Amino acid sequence: MTTFETSRTSLEIASQPETWRQAAQSAGAAAGALPRNGERVAVVGCGTSWFMAHAYAQLREQGGHGETDAFAASEFPTGRSYDRIVAITRSGTTTEVLDLLNRVKGTVATTALTADPATPVMTAADHAVVLDYADEKSVVQTRFATTALVLLRAHLEAENALPPGLRPLADAIEDAESALAVPLRPEVRAAEQFTFLGTGWTYGLALEAGLKMREAAGAWTEAYPAMEYRHGPISITGPDRVAWLFGPAPQGLADDIARVGGHFHSVSTDAPGDLDPLADLILAQRLAVDLAEARGYDPDRPRNLTRSVILDTTPA
């Protein structure tokens, strides 16, 4: 088996409690660029950023802050009316995001969350919130994505506009520290297939966990809304396969997974206490690196990927 030194990806995963704290502290200064109460908002991104957009849109709308939709930037419905578009883009150079922002410029307020202040998104958007302290050298996104979501969540928390039952952000940051320390269970590390599940805002986390495992380790992963799991996807579950749930379990789900021989991962079964779902995502990030290295892959150099997708849009 190939032996790797501590990867950049692992170091960036481990830094998340600190970058989350910085985001929570800076949310007030960024408030003027973020969606206002009652605005109709679209949140866009590509890949990981799209999944964070999905999570935020659910948090914002379920918290009563205003109608909020999430789209892959390439799929934005340009005929639909919004008060603000929020774009999440680590690199600030992603073609689809820049194309959308330039296309709507002057017709709707736009805000970009980015890690790099020296990129085209700074002028493509009306407002930019720079999280340069959460930037990454890794191709695979971890801390920028979660830190951007923490910033947005902190803004909602300050406006008293979070869904009932969500843990205070300060507790979530403490949970992130716990998620870095808890051992990965042998049954999870040895599994051959993973199905990630979530409800509401945590469905975006499930999508992201599946992507992390595919990107870093080439793993066989799927992701579904938790209540949809029994409408077909459960057929893939069995011995040596994991169903990983972010957030509370629908009634009977654990029993159904046990009945077909699968391993059920939730924070109540595999981690101490009741971790915030965003902290549970850190466990999935760690698992992706662990599995990659076990398979002889370098998590810092994932197959077929680059840090930013920049497309040639020159007409043929």
# chains A, B, ... in the order shown; residues from 1 in each chain; ligands from 1
call {"tool": "select_by_dssp", "arguments": {"residues": "range 71-258 of chain A", "states": "strand (DSSP E)", "output": "ChimeraX atom specification"}}
result
/A:71-72,84-89,109-114,127-130,193-198,221-225,241-246
call {"tool": "select_by_dssp", "arguments": {"residues": "range 22-149 of chain A", "states": "helix (DSSP H, G or I)", "output": "number ranges by chain"}}
result
A: 22-33, 48-62, 73-75, 95-104, 121-124, 132-134, 143-149
call {"tool": "closest_residue", "arguments": {"among": "A:Ala30, A:Leu162, A:Ala172, A:Leu197", "to": "Glu18 in chain A", "atoms": "only C-alpha atoms"}}
result
A:Ala172
call {"tool": "closest_residue", "arguments": {"among": "A:Thr123, A:Leu149, A:Ala158, A:Lys105", "to": "Gly28 in chain A", "atoms": "only C-alpha atoms"}}
result
A:Ala158
call {"tool": "closest_atom_pairs", "arguments": {"of": "range 37-72 of chain A", "to": "range 166-171 of chain A", "cutoff": "12 Å", "atoms": "only C-alpha atoms", "output": "Markdown table"}}
result
| residue | atom | partner | partner_atom | distance |
| --- | --- | --- | --- | --- |
| A:Leu59 | CA | A:Leu166 | CA | 9.5 |
| A:Gln62 | CA | A:Leu166 | CA | 11.0 |
| A:Gly63 | CA | A:Leu166 | CA | 10.0 |
call {"tool": "closest_residue", "arguments": {"among": "A:Glu215, A:Asp290, A:Glu12, A:Glu192", "to": "Val242 in chain A", "atoms": "only C-alpha atoms"}}
result
A:Glu192
call {"tool": "closest_residue", "arguments": {"among": "A:Thr237, A:Asn160, A:Ser7, A:Thr107", "to": "Ala191 in chain A", "atoms": "only C-alpha atoms"}}
result
A:Thr237
call {"tool": "residues_around", "arguments": {"residues": "range 96-98 of chain A", "least_positions_apart": "3", "cutoff": "9 Å", "atoms": "only C-alpha atoms", "output": "ChimeraX atom specification"}}
result
/A:44-46,72-74,87-89,92-93,101-103,120-121,124-125,309-311
call {"tool": "closest_atom_pairs", "arguments": {"of": "range 111-171 of chain A", "to": "range 33-43 of chain A", "cutoff": "10 Å", "atoms": "only C-alpha atoms", "output": "JSON lines"}}
result
{"residue": "A:Thr111", "atom": "CA", "partner": "A:Ala33", "partner_atom": "CA", "distance": 6.3}
{"residue": "A:Ala112", "atom": "CA", "partner": "A:Ala33", "partner_atom": "CA", "distance": 8.7}
{"residue": "A:Leu113", "atom": "CA", "partner": "A:Leu34", "partner_atom": "CA", "distance": 9.5}
{"residue": "A:Asp126", "atom": "CA", "partner": "A:Ala33", "partner_atom": "CA", "distance": 8.7}
{"residue": "A:His127", "atom": "CA", "partner": "A:Ala33", "partner_atom": "CA", "distance": 5.8}
{"residue": "A:Ala128", "atom": "CA", "partner": "A:Ala33", "partner_atom": "CA", "distance": 7.2}
{"residue": "A:Val129", "atom": "CA", "partner": "A:Ala33", "partner_atom": "CA", "distance": 7.3}
{"residue": "A:Leu151", "atom": "CA", "partner": "A:Leu34", "partner_atom": "CA", "distance": 9.8}
{"residue": "A:Leu152", "atom": "CA", "partner": "A:Leu34", "partner_atom": "CA", "distance": 7.9}
{"residue": "A:His155", "atom": "CA", "partner": "A:Leu34", "partner_atom": "CA", "distance": 7.9}
{"residue": "A:Leu156", "atom": "CA", "partner": "A:Asn37", "partner_atom": "CA", "distance": 9.2}
{"residue": "A:Glu159", "atom": "CA", "partner": "A:Asn37", "partner_atom": "CA", "distance": 8.1}
{"residue": "A:Ala161", "atom": "CA", "partner": "A:Asn37", "partner_atom": "CA", "distance": 8.7}
call {"tool": "closest_residue", "arguments": {"among": "A:Arg143, A:Arg84, A:Arg90, A:His231", "to": "Ala109 in chain A", "atoms": "only C-alpha atoms"}}
result
A:Arg84
call {"tool": "residues_around", "arguments": {"residues": "Gly210 in chain A", "least_positions_apart": "5", "cutoff": "10 Å", "atoms": "only C-alpha atoms", "output": "PyMOL selection string"}}
result
chain A and resi 194-197+205+215+219-224+244+284-285+288
call {"tool": "residues_around", "arguments": {"residues": "Asp135 in chain A", "least_positions_apart": "5", "cutoff": "10 Å", "atoms": "only C-alpha atoms", "output": "JSON, numbers by chain"}}
result
{"A": [12, 19, 90, 91, 114, 115, 116, 130, 141, 142, 143, 144, 145, 147]}
call {"tool": "closest_residue", "arguments": {"among": "A:Glu293, A:Pro299, A:Ala24, A:Leu180", "to": "Leu275 in chain A", "atoms": "only C-alpha atoms"}}
result
A:Leu180
call {"tool": "residues_around", "arguments": {"residues": "Ile234 in chain A", "least_positions_apart": "5", "cutoff": "9 Å", "atoms": "only C-alpha atoms", "output": "ChimeraX atom specification"}}
result
/A:195,229,243,256-257,260
call {"tool": "atom_distance", "arguments": {"atom1": "CA of Pro17 in chain A", "atom2": "CA of Ala118 in chain A"}}
result
25.7 Å
call {"tool": "decode", "arguments": {"residues": "range 216-308 of chain A", "atoms": "C-alpha atoms", "output": "short mmCIF file (atom, residue, chain, number, x, y, z; two decimals), in the first residue's frame"}}
result
data_model
loop_
_atom_site.label_atom_id
_atom_site.label_comp_id
_atom_site.auth_asym_id
_atom_site.auth_seq_id
_atom_site.Cartn_x
_atom_site.Cartn_y
_atom_site.Cartn_z
CA ALA A 216 -10.98 11.80 -3.54
CA ALA A 217 -11.35 8.03 -3.55
CA GLY A 218 -13.30 7.05 -6.67
CA ALA A 219 -15.83 5.47 -4.31
CA TRP A 220 -19.23 4.10 -5.28
CA THR A 221 -21.61 6.56 -3.66
CA GLU A 222 -25.20 7.71 -4.06
CA ALA A 223 -27.26 10.40 -2.31
CA TYR A 224 -31.01 10.77 -1.78
CA PRO A 225 -33.58 12.54 0.38
CA ALA A 226 -34.02 10.27 3.39
CA MET A 227 -37.70 9.57 2.79
CA GLU A 228 -36.99 8.62 -0.83
CA TYR A 229 -34.48 5.97 0.21
CA ARG A 230 -37.12 3.29 0.66
CA HIS A 231 -38.62 4.05 -2.77
CA GLY A 232 -35.96 2.09 -4.62
CA PRO A 233 -32.45 3.05 -3.40
CA ILE A 234 -32.65 0.66 -0.43
CA SER A 235 -32.32 -2.13 -3.00
CA ILE A 236 -28.58 -1.44 -3.24
CA THR A 237 -28.00 -1.73 0.52
CA GLY A 238 -26.68 -4.93 2.07
CA PRO A 239 -23.71 -6.35 3.97
CA ASP A 240 -20.54 -4.25 3.64
CA ARG A 241 -22.60 -1.28 2.47
CA VAL A 242 -23.33 1.87 4.45
CA ALA A 243 -26.39 4.12 4.66
CA TRP A 244 -25.15 7.38 6.16
CA LEU A 245 -27.77 9.81 7.46
CA PHE A 246 -27.25 13.52 8.13
CA GLY A 247 -29.67 14.74 10.76
CA PRO A 248 -32.62 13.02 12.47
CA ALA A 249 -33.75 9.62 11.23
CA PRO A 250 -37.25 9.11 9.83
CA GLN A 251 -39.23 6.59 11.84
CA GLY A 252 -38.29 3.01 11.06
CA LEU A 253 -35.32 3.85 8.81
CA ALA A 254 -32.67 2.25 11.02
CA ASP A 255 -34.72 -0.94 11.30
CA ASP A 256 -35.18 -1.12 7.53
CA ILE A 257 -31.44 -0.78 6.95
CA ALA A 258 -30.70 -3.46 9.54
CA ARG A 259 -33.27 -5.75 7.93
CA VAL A 260 -31.35 -5.76 4.62
CA GLY A 261 -28.00 -6.20 6.36
CA GLY A 262 -26.59 -2.70 5.82
CA HIS A 263 -24.60 -0.62 8.29
CA PHE A 264 -26.46 2.50 9.43
CA HIS A 265 -24.29 5.50 10.22
CA SER A 266 -25.76 8.40 12.12
CA VAL A 267 -24.28 10.69 14.74
CA SER A 268 -26.29 8.87 17.39
CA THR A 269 -24.73 5.49 16.52
CA ASP A 270 -21.18 6.21 15.34
CA ALA A 271 -20.17 9.42 17.10
CA PRO A 272 -20.33 10.75 20.65
CA GLY A 273 -23.37 12.83 21.48
CA ASP A 274 -25.54 14.44 18.82
CA LEU A 275 -23.26 16.21 16.35
CA ASP A 276 -24.50 19.06 14.21
CA PRO A 277 -25.01 17.68 10.67
CA LEU A 278 -22.39 20.07 9.28
CA ALA A 279 -19.87 18.65 11.76
CA ASP A 280 -20.89 15.16 10.64
CA LEU A 281 -19.85 16.18 7.12
CA ILE A 282 -16.31 16.49 8.48
CA LEU A 283 -16.42 12.77 9.28
CA ALA A 284 -17.33 12.06 5.66
CA GLN A 285 -14.48 14.29 4.47
CA ARG A 286 -12.06 12.39 6.69
CA LEU A 287 -13.41 9.10 5.41
CA ALA A 288 -12.86 10.21 1.82
CA VAL A 289 -9.18 10.87 2.51
CA ASP A 290 -8.79 7.67 4.51
CA LEU A 291 -10.36 5.58 1.76
CA ALA A 292 -8.32 7.30 -0.95
CA GLU A 293 -5.06 6.54 0.80
CA ALA A 294 -6.11 2.96 1.55
CA ARG A 295 -6.66 2.49 -2.20
CA GLY A 296 -3.29 4.00 -3.06
CA TYR A 297 -4.68 7.31 -4.35
CA ASP A 298 -3.28 10.71 -3.54
CA PRO A 299 -6.17 12.83 -2.19
CA ASP A 300 -4.31 15.99 -3.17
CA ARG A 301 -4.25 14.92 -6.82
CA PRO A 302 -7.67 13.50 -7.68
CA ARG A 303 -8.21 11.89 -11.06
CA ASN A 304 -9.58 14.01 -13.90
CA LEU A 305 -10.09 17.15 -11.77
CA THR A 306 -8.69 20.68 -11.63
CA ARG A 307 -9.17 23.36 -8.98
CA SER A 308 -11.43 25.43 -11.22
#
